[in-house]
>>> print(open('entry-v5.cif').read())   # mmCIF, C-alpha atoms and all ligand atoms
data_target
loop_
_atom_site.group_PDB
_atom_site.id
_atom_site.type_symbol
_atom_site.label_atom_id
_atom_site.label_comp_id
_atom_site.auth_asym_id
_atom_site.auth_seq_id
_atom_site.Cartn_x
_atom_site.Cartn_y
_atom_site.Cartn_z
ATOM 1 C CA MET A 1 27.348 -3.286 0.485
ATOM 2 C CA THR A 2 29.709 -1.961 3.143
ATOM 3 C CA ARG A 3 27.613 0.839 4.629
ATOM 4 C CA LEU A 4 24.055 1.238 5.843
ATOM 5 C CA ILE A 5 22.398 3.948 7.931
ATOM 6 C CA LEU A 6 19.470 3.417 10.294
ATOM 7 C CA ILE A 7 17.186 6.287 11.269
ATOM 8 C CA GLY A 8 13.934 6.488 13.245
ATOM 9 C CA PHE A 9 12.322 7.579 16.476
ATOM 10 C CA MET A 10 13.701 6.657 19.906
ATOM 11 C CA GLY A 11 12.852 3.022 20.559
ATOM 12 C CA SER A 12 12.390 2.106 16.888
ATOM 13 C CA GLY A 13 15.312 -0.321 17.258
ATOM 14 C CA LYS A 14 18.193 1.472 15.511
ATOM 15 C CA THR A 15 20.786 0.334 18.041
ATOM 16 C CA THR A 16 19.409 -3.224 18.345
ATOM 17 C CA ILE A 17 18.996 -3.844 14.609
ATOM 18 C CA GLY A 18 22.281 -2.096 13.816
ATOM 19 C CA ARG A 19 24.124 -4.495 16.094
ATOM 20 C CA LEU A 20 22.427 -7.517 14.478
ATOM 21 C CA LEU A 21 23.126 -6.310 10.949
ATOM 22 C CA ALA A 22 26.747 -5.581 11.758
ATOM 23 C CA ASN A 23 27.180 -9.101 13.157
ATOM 24 C CA ALA A 24 25.487 -10.706 10.174
ATOM 25 C CA LEU A 25 27.503 -8.709 7.641
ATOM 26 C CA ARG A 26 30.747 -8.757 9.639
ATOM 27 C CA LEU A 27 30.932 -4.991 9.559
ATOM 28 C CA PRO A 28 31.657 -2.552 12.393
ATOM 29 C CA HIS A 29 28.644 -1.293 14.302
ATOM 30 C CA LEU A 30 28.813 2.471 14.624
ATOM 31 C CA ASP A 31 26.311 3.879 17.102
ATOM 32 C CA LEU A 32 26.282 7.659 16.976
ATOM 33 C CA ASP A 33 25.240 7.998 20.634
ATOM 34 C CA ASP A 34 28.102 5.736 21.703
ATOM 35 C CA LEU A 35 30.556 7.791 19.657
ATOM 36 C CA VAL A 36 29.309 11.035 21.196
ATOM 37 C CA ALA A 37 29.446 9.565 24.702
ATOM 38 C CA ALA A 38 32.965 8.203 24.137
ATOM 39 C CA ASP A 39 34.224 11.524 22.733
ATOM 40 C CA ALA A 40 32.688 13.440 25.641
ATOM 41 C CA ASN A 41 33.684 10.762 28.158
ATOM 42 C CA CYS A 42 30.183 11.138 29.570
ATOM 43 C CA SER A 43 26.740 9.521 29.156
ATOM 44 C CA ILE A 44 24.163 11.088 26.832
ATOM 45 C CA ALA A 45 21.843 11.714 29.771
ATOM 46 C CA GLN A 46 24.661 13.485 31.632
ATOM 47 C CA ILE A 47 25.477 15.670 28.618
ATOM 48 C CA PHE A 48 21.808 16.748 28.473
ATOM 49 C CA THR A 49 21.824 17.512 32.204
ATOM 50 C CA ASP A 50 25.165 19.317 32.370
ATOM 51 C CA GLN A 51 25.393 21.097 29.022
ATOM 52 C CA GLY A 52 21.893 20.955 27.548
ATOM 53 C CA GLU A 53 20.407 19.678 24.311
ATOM 54 C CA ALA A 54 21.939 22.296 21.979
ATOM 55 C CA TYR A 55 25.425 21.276 23.079
ATOM 56 C CA PHE A 56 24.562 17.599 22.542
ATOM 57 C CA ARG A 57 23.289 18.407 19.041
ATOM 58 C CA ASP A 58 26.614 20.051 18.143
ATOM 59 C CA LEU A 59 28.522 16.978 19.328
ATOM 60 C CA GLU A 60 26.104 14.765 17.410
ATOM 61 C CA SER A 61 26.625 16.720 14.161
ATOM 62 C CA GLN A 62 30.413 16.563 14.567
ATOM 63 C CA ALA A 63 30.264 12.812 15.216
ATOM 64 C CA LEU A 64 28.077 12.318 12.134
ATOM 65 C CA ILE A 65 30.592 14.137 9.925
ATOM 66 C CA SER A 66 33.451 12.050 11.289
ATOM 67 C CA VAL A 67 31.693 8.710 10.824
ATOM 68 C CA ILE A 68 29.507 9.006 7.745
ATOM 69 C CA ARG A 69 32.113 7.762 5.270
ATOM 70 C CA LYS A 70 33.369 4.890 7.376
ATOM 71 C CA PRO A 71 32.408 1.337 6.473
ATOM 72 C CA GLY A 72 29.902 -0.099 8.909
ATOM 73 C CA ILE A 73 26.294 -0.059 10.063
ATOM 74 C CA LEU A 74 25.522 3.377 11.426
ATOM 75 C CA SER A 75 22.774 3.609 14.051
ATOM 76 C CA THR A 76 21.881 7.278 14.362
ATOM 77 C CA GLY A 77 20.075 8.910 17.280
ATOM 78 C CA GLY A 78 16.380 9.677 16.968
ATOM 79 C CA GLY A 79 17.050 13.396 16.558
ATOM 80 C CA THR A 80 19.914 13.147 14.061
ATOM 81 C CA PRO A 81 17.887 13.808 10.872
ATOM 82 C CA VAL A 82 16.173 16.874 12.367
ATOM 83 C CA ARG A 83 19.026 19.292 11.675
ATOM 84 C CA GLU A 84 19.040 20.204 8.034
ATOM 85 C CA GLU A 85 22.819 19.871 7.664
ATOM 86 C CA ASN A 86 22.678 16.361 9.158
ATOM 87 C CA ARG A 87 19.754 15.406 6.940
ATOM 88 C CA GLN A 88 21.613 16.636 3.888
ATOM 89 C CA LEU A 89 24.658 14.560 4.855
ATOM 90 C CA LEU A 90 22.439 11.475 5.091
ATOM 91 C CA ILE A 91 20.769 12.190 1.754
ATOM 92 C CA ASP A 92 24.099 12.877 -0.008
ATOM 93 C CA SER A 93 25.882 9.921 1.567
ATOM 94 C CA ASP A 94 25.604 7.352 -1.276
ATOM 95 C CA THR A 95 24.599 4.932 1.467
ATOM 96 C CA PRO A 96 21.194 3.274 1.854
ATOM 97 C CA VAL A 97 19.242 5.021 4.614
ATOM 98 C CA VAL A 98 16.666 2.779 6.297
ATOM 99 C CA PHE A 99 13.825 4.332 8.315
ATOM 100 C CA LEU A 100 12.796 1.969 11.099
ATOM 101 C CA LYS A 101 9.193 2.865 11.762
ATOM 102 C CA ALA A 102 7.305 2.056 14.950
ATOM 103 C CA SER A 103 3.886 3.271 16.056
ATOM 104 C CA PRO A 104 3.663 5.629 19.063
ATOM 105 C CA GLU A 105 2.009 2.878 21.141
ATOM 106 C CA VAL A 106 4.810 0.423 20.410
ATOM 107 C CA ILE A 107 7.476 3.022 21.199
ATOM 108 C CA VAL A 108 5.882 3.894 24.537
ATOM 109 C CA ASN A 109 5.653 0.202 25.368
ATOM 110 C CA ARG A 110 9.263 -0.532 24.373
ATOM 111 C CA LEU A 111 10.601 2.404 26.362
ATOM 112 C CA LYS A 112 8.535 2.245 29.534
ATOM 113 C CA GLY A 113 10.894 2.275 32.489
ATOM 114 C CA ASP A 114 13.713 3.681 30.333
ATOM 115 C CA HIS A 115 15.940 6.225 32.066
ATOM 116 C CA ASN A 116 18.437 6.877 29.301
ATOM 117 C CA ARG A 117 16.394 9.067 27.001
ATOM 118 C CA PRO A 118 16.311 12.521 28.589
ATOM 119 C CA LEU A 119 14.123 13.987 25.862
ATOM 120 C CA LEU A 120 11.317 11.505 26.455
ATOM 121 C CA ARG A 121 11.190 12.088 30.197
ATOM 122 C CA GLN A 122 10.006 15.664 29.900
ATOM 123 C CA LEU A 123 7.118 15.077 27.449
ATOM 124 C CA ASP A 124 3.411 14.592 28.177
ATOM 125 C CA THR A 125 1.301 12.564 25.722
ATOM 126 C CA ASN A 126 0.385 15.517 23.491
ATOM 127 C CA GLN A 127 3.966 16.721 23.270
ATOM 128 C CA PHE A 128 5.109 13.198 22.501
ATOM 129 C CA MET A 129 2.630 12.918 19.641
ATOM 130 C CA GLU A 130 3.650 16.314 18.281
ATOM 131 C CA LEU A 131 7.336 15.346 18.317
ATOM 132 C CA TYR A 132 6.515 11.989 16.703
ATOM 133 C CA ARG A 133 4.593 13.629 13.835
ATOM 134 C CA LYS A 134 7.185 16.347 13.259
ATOM 135 C CA ARG A 135 10.007 13.871 13.148
ATOM 136 C CA GLU A 136 8.240 11.477 10.815
ATOM 137 C CA TRP A 137 8.490 14.149 8.134
ATOM 138 C CA PHE A 138 12.272 14.360 8.569
ATOM 139 C CA TYR A 139 12.693 10.585 8.523
ATOM 140 C CA ASN A 140 10.661 10.331 5.319
ATOM 141 C CA GLN A 141 12.794 13.038 3.725
ATOM 142 C CA ALA A 142 16.043 11.221 4.436
ATOM 143 C CA ALA A 143 14.981 7.592 3.914
ATOM 144 C CA ASP A 144 15.618 5.384 0.898
ATOM 145 C CA MET A 145 13.424 2.677 2.380
ATOM 146 C CA THR A 146 11.037 2.235 5.306
ATOM 147 C CA ILE A 147 10.560 -0.866 7.423
ATOM 148 C CA ASP A 148 7.556 -1.203 9.708
ATOM 149 C CA THR A 149 8.885 -2.733 12.926
ATOM 150 C CA ASP A 150 5.648 -3.207 14.896
ATOM 151 C CA LYS A 151 4.973 -6.847 15.823
ATOM 152 C CA LYS A 152 8.274 -8.032 14.354
ATOM 153 C CA THR A 153 11.270 -9.444 16.158
ATOM 154 C CA PRO A 154 14.634 -7.727 15.651
ATOM 155 C CA GLU A 155 15.812 -10.827 13.735
ATOM 156 C CA LYS A 156 12.866 -10.618 11.332
ATOM 157 C CA ILE A 157 13.497 -6.908 10.782
ATOM 158 C CA MET A 158 17.144 -7.634 10.066
ATOM 159 C CA ARG A 159 16.215 -10.288 7.499
ATOM 160 C CA GLU A 160 13.727 -7.920 5.853
ATOM 161 C CA ILE A 161 16.373 -5.224 5.521
ATOM 162 C CA LEU A 162 18.880 -7.663 4.058
ATOM 163 C CA ALA A 163 16.301 -8.891 1.553
ATOM 164 C CA GLN A 164 15.318 -5.393 0.451
ATOM 165 C CA ILE A 165 18.656 -3.689 0.467
ATOM 166 C CA ARG A 166 19.754 -5.089 -2.876
ATOM 167 C CA GLU A 167 16.791 -3.443 -4.571
ATOM 168 C CA VAL A 168 17.450 0.085 -3.279
ATOM 169 C CA PRO A 169 18.929 2.469 -5.853
ATOM 170 C CA VAL A 170 21.286 4.923 -4.119
HETATM 171 N N1 LIG A 201 11.541 -5.197 17.041
HETATM 172 C C1 LIG A 201 11.562 -5.088 18.361
HETATM 173 N N2 LIG A 201 10.701 -5.783 19.112
HETATM 174 C C2 LIG A 201 10.705 -5.682 20.464
HETATM 175 N N3 LIG A 201 11.539 -4.897 21.174
HETATM 176 C C3 LIG A 201 12.430 -4.164 20.470
HETATM 177 C C4 LIG A 201 12.494 -4.217 19.043
HETATM 178 N N4 LIG A 201 13.464 -3.363 18.634
HETATM 179 C C5 LIG A 201 13.988 -2.824 19.759
HETATM 180 N N5 LIG A 201 13.379 -3.303 20.847
HETATM 181 C C6 LIG A 201 13.648 -2.917 22.244
HETATM 182 O O1 LIG A 201 13.311 -1.537 22.369
HETATM 183 C C7 LIG A 201 14.254 -0.867 23.192
HETATM 184 C C8 LIG A 201 14.893 0.264 22.395
HETATM 185 O O2 LIG A 201 15.662 -0.293 21.330
HETATM 186 P P1 LIG A 201 16.906 0.463 20.728
HETATM 187 O O3 LIG A 201 17.556 -0.462 19.768
HETATM 188 O O4 LIG A 201 17.748 1.027 21.810
HETATM 189 O O5 LIG A 201 16.184 1.651 19.940
HETATM 190 P P2 LIG A 201 16.770 3.010 19.387
HETATM 191 O O6 LIG A 201 18.250 2.863 19.245
HETATM 192 O O7 LIG A 201 16.064 3.201 18.075
HETATM 193 O O8 LIG A 201 16.366 4.048 20.384
HETATM 194 C C9 LIG A 201 15.257 -1.929 23.659
HETATM 195 O O9 LIG A 201 14.853 -2.397 24.913
HETATM 196 C C10 LIG A 201 15.125 -3.036 22.616
HETATM 197 O O10 LIG A 201 15.424 -4.293 23.133
HETATM 198 O O1 LIG A 202 15.441 11.360 19.679
HETATM 199 C C1 LIG A 202 16.353 12.029 20.217
HETATM 200 O O2 LIG A 202 16.406 13.270 20.109
HETATM 201 C C2 LIG A 202 17.418 11.319 20.950
HETATM 202 C C3 LIG A 202 17.552 9.959 20.776
HETATM 203 C C4 LIG A 202 18.564 9.164 21.471
HETATM 204 O O3 LIG A 202 18.987 8.065 20.656
HETATM 205 P P1 LIG A 202 18.018 6.800 20.338
HETATM 206 O O4 LIG A 202 17.090 7.205 19.231
HETATM 207 O O5 LIG A 202 18.954 5.730 19.921
HETATM 208 O O6 LIG A 202 17.282 6.503 21.596
HETATM 209 C C5 LIG A 202 19.761 10.027 21.848
HETATM 210 O O7 LIG A 202 20.454 10.440 20.696
HETATM 211 C C6 LIG A 202 19.316 11.239 22.619
HETATM 212 O O8 LIG A 202 18.746 10.805 23.825
HETATM 213 C C7 LIG A 202 18.320 12.101 21.836
HETATM 214 MG MG MG A 203 19.946 3.964 19.870
#
>>> encode(input="entry-v5.cif", output="structure tokens")
Amino acid sequence: MTRLILIGFMGSGKTTIGRLLANALRLPHLDLDDLVAADANCSIAQIFTDQGEAYFRDLESQALISVIRKPGILSTGGGTPVREENRQLLIDSDTPVVFLKASPEVIVNRLKGDHNRPLLRQLDTNQFMELYRKREWFYNQAADMTIDTDKKTPEKIMREILAQIREVPV
């Protein structure tokens, strides 16, 4: 196994678990947000502020195309599987796609005080729940396997993924 893709809502742990998996497997860690920020020479929050979400989504799709065939652990952004073309790339990738699932309460708790997720800042509770439900459908569409991350340490989640990954037919 030389490639793995992590998807899930903001705060589900894609970046954290991706880093751990990459270390354990001695593979590159490819974080889509980092790639977008490096290409744009600008933080994600700044891209949202200066150019808006639609512009960010175009950069994100381009970065996904450029990285999807590279060996490594790919941590996507929470919105990556929403665009149909991105979702199709994930589904067609011949790479196990792992949905890291976290409950809304756990996400809110993990991200309280966070200033780097521009999308989250502008949502009230109802809007948050609507986005969470909508996105869950997209994650389920693209995922080969789902890991519940509530009440588990990142290390435990990593071990669970490693144990299950051999059984996933892709
Ligand atoms: N399993 C976990 N248990 C507790 N905290 C976690 C867990 N996974 C991630 N976190 C924390 O939640 C925050 C968001 O994690 P991150 O990996 O950036 O998520 P994502 O990339 O999915 O948005 C970070 O502060 C991270 O340390
Ligand atoms: O859910 C989203 O739409 C987003 C999630 C973020 O990544 P994380 O899921 O790693 O926080 C980042 O791509 C951007 O702020 C938009
Ligand atoms: Mg991340």
>>> atom_distance(input="entry-v5.cif", atom1="atom CA of A:Arg83", atom2="atom CA of A:Gly18")
21.7 Å
>>> closest_residue(input="entry-v5.cif", among="A:Lys156, A:Arg133, A:Lys101, A:Arg57", to="A:Lys14", atoms="all atoms listed in the file")
A:Lys101
>>> resolve_selection(input="entry-v5.cif", expression="the PyMOL selection byres (((not hetatm)) within 9 of (chain A and resi 203))", output="PDB file with C-alpha atoms, keeping the file's coordinate frame")
ATOM      1  CA  MET A  10      13.701   6.657  19.906  1.00  0.00           C
ATOM      2  CA  GLY A  11      12.852   3.022  20.559  1.00  0.00           C
ATOM      3  CA  SER A  12      12.390   2.106  16.888  1.00  0.00           C
ATOM      4  CA  GLY A  13      15.312  -0.321  17.258  1.00  0.00           C
ATOM      5  CA  LYS A  14      18.193   1.472  15.511  1.00  0.00           C
ATOM      6  CA  THR A  15      20.786   0.334  18.041  1.00  0.00           C
ATOM      7  CA  THR A  16      19.409  -3.224  18.345  1.00  0.00           C
ATOM      8  CA  GLY A  18      22.281  -2.096  13.816  1.00  0.00           C
ATOM      9  CA  ASP A  31      26.311   3.879  17.102  1.00  0.00           C
ATOM     10  CA  LEU A  32      26.282   7.659  16.976  1.00  0.00           C
ATOM     11  CA  ASP A  33      25.240   7.998  20.634  1.00  0.00           C
ATOM     12  CA  ASP A  34      28.102   5.736  21.703  1.00  0.00           C
ATOM     13  CA  SER A  75      22.774   3.609  14.051  1.00  0.00           C
ATOM     14  CA  THR A  76      21.881   7.278  14.362  1.00  0.00           C
ATOM     15  CA  GLY A  77      20.075   8.910  17.280  1.00  0.00           C
ATOM     16  CA  GLY A  78      16.380   9.677  16.968  1.00  0.00           C
TER      17      GLY A  78
END
>>> axis_aligned_box(input="entry-v5.cif", around="ligand LIG 202 (chain A)", padding_each_side="3 Å", output="lines of an AutoDock Vina configuration file")
center_x = 17.9
center_y = 9.5
center_z = 21.5
size_x = 11.0
size_y = 13.5
size_z = 10.6
>>> residues_around(input="entry-v5.cif", residues="stretch 143-149 of chain A", least_positions_apart="6", cutoff="6 Å", atoms="only C-alpha atoms", output="list in words")
Val97, Val98, Phe99, Leu100, Lys101 and Ala102 of chain A
>>> write_last_selection(input="entry-v5.cif", atoms="C-alpha atoms", output="PDB file, keeping the file's coordinate frame")
ATOM      1  CA  VAL A  97      19.242   5.021   4.614  1.00  0.00           C
ATOM      2  CA  VAL A  98      16.666   2.779   6.297  1.00  0.00           C
ATOM      3  CA  PHE A  99      13.825   4.332   8.315  1.00  0.00           C
ATOM      4  CA  LEU A 100      12.796   1.969  11.099  1.00  0.00           C
ATOM      5  CA  LYS A 101       9.193   2.865  11.762  1.00  0.00           C
ATOM      6  CA  ALA A 102       7.305   2.056  14.950  1.00  0.00           C
TER       7      ALA A 102
END
>>> residues_near_point(input="entry-v5.cif", point="(24.2, -0.5, 11.3)", cutoff="6 Å", atoms="all atoms listed in the file", output="number ranges by chain")
A: 4-5, 18, 21-22, 29, 73-75
>>> closest_residue(input="entry-v5.cif", among="A:Ile47, A:Ile7, A:Met129, A:Leu162", to="ligand LIG 201 (chain A)", atoms="only C-alpha atoms and all ligand atoms")
A:Ile7
>>> atom_distance(input="entry-v5.cif", atom1="atom CA of A:Asp114", atom2="atom CA of A:Asn140")
26.1 Å
>>> resolve_selection(input="entry-v5.cif", expression="the PyMOL selection byres (((chain A and resi 88) around 12) and not hetatm)", output="ChimeraX atom specification")
/A:61,64-65,68,80-87,89-94,97,138-139,141-143
>>> closest_residue(input="entry-v5.cif", among="A:Gln62, A:Ile17, A:Glu53, A:Val67", to="A:Leu30", atoms="only C-alpha atoms")
A:Val67
>>> atom_distance(input="entry-v5.cif", atom1="atom CA of A:Leu119", atom2="atom CA of A:Arg19")
23.2 Å
>>> residues_around(input="entry-v5.cif", residues="A:Ala45", least_positions_apart="4", cutoff="10 Å", atoms="only C-alpha atoms", output="list in words")
Ala37, Thr49, Asp50, Gly52, Glu53, Phe56, His115, Asn116, Arg117, Pro118 and Leu119 of chain A
>>> closest_residue(input="entry-v5.cif", among="A:Val106, A:Ile44, A:Leu59, A:Ala38", to="ligand LIG 201 (chain A)", atoms="all atoms listed in the file")
A:Val106
>>> closest_residue(input="entry-v5.cif", among="A:Gly72, A:Gly79, A:Pro96, A:Pro28", to="ligand LIG 201 (chain A)", atoms="all atoms listed in the file")
A:Gly79
>>> closest_residue(input="entry-v5.cif", among="A:Met1, A:Leu25, A:Leu120, A:Leu20", to="ligand LIG 202 (chain A)", atoms="all atoms listed in the file")
A:Leu120
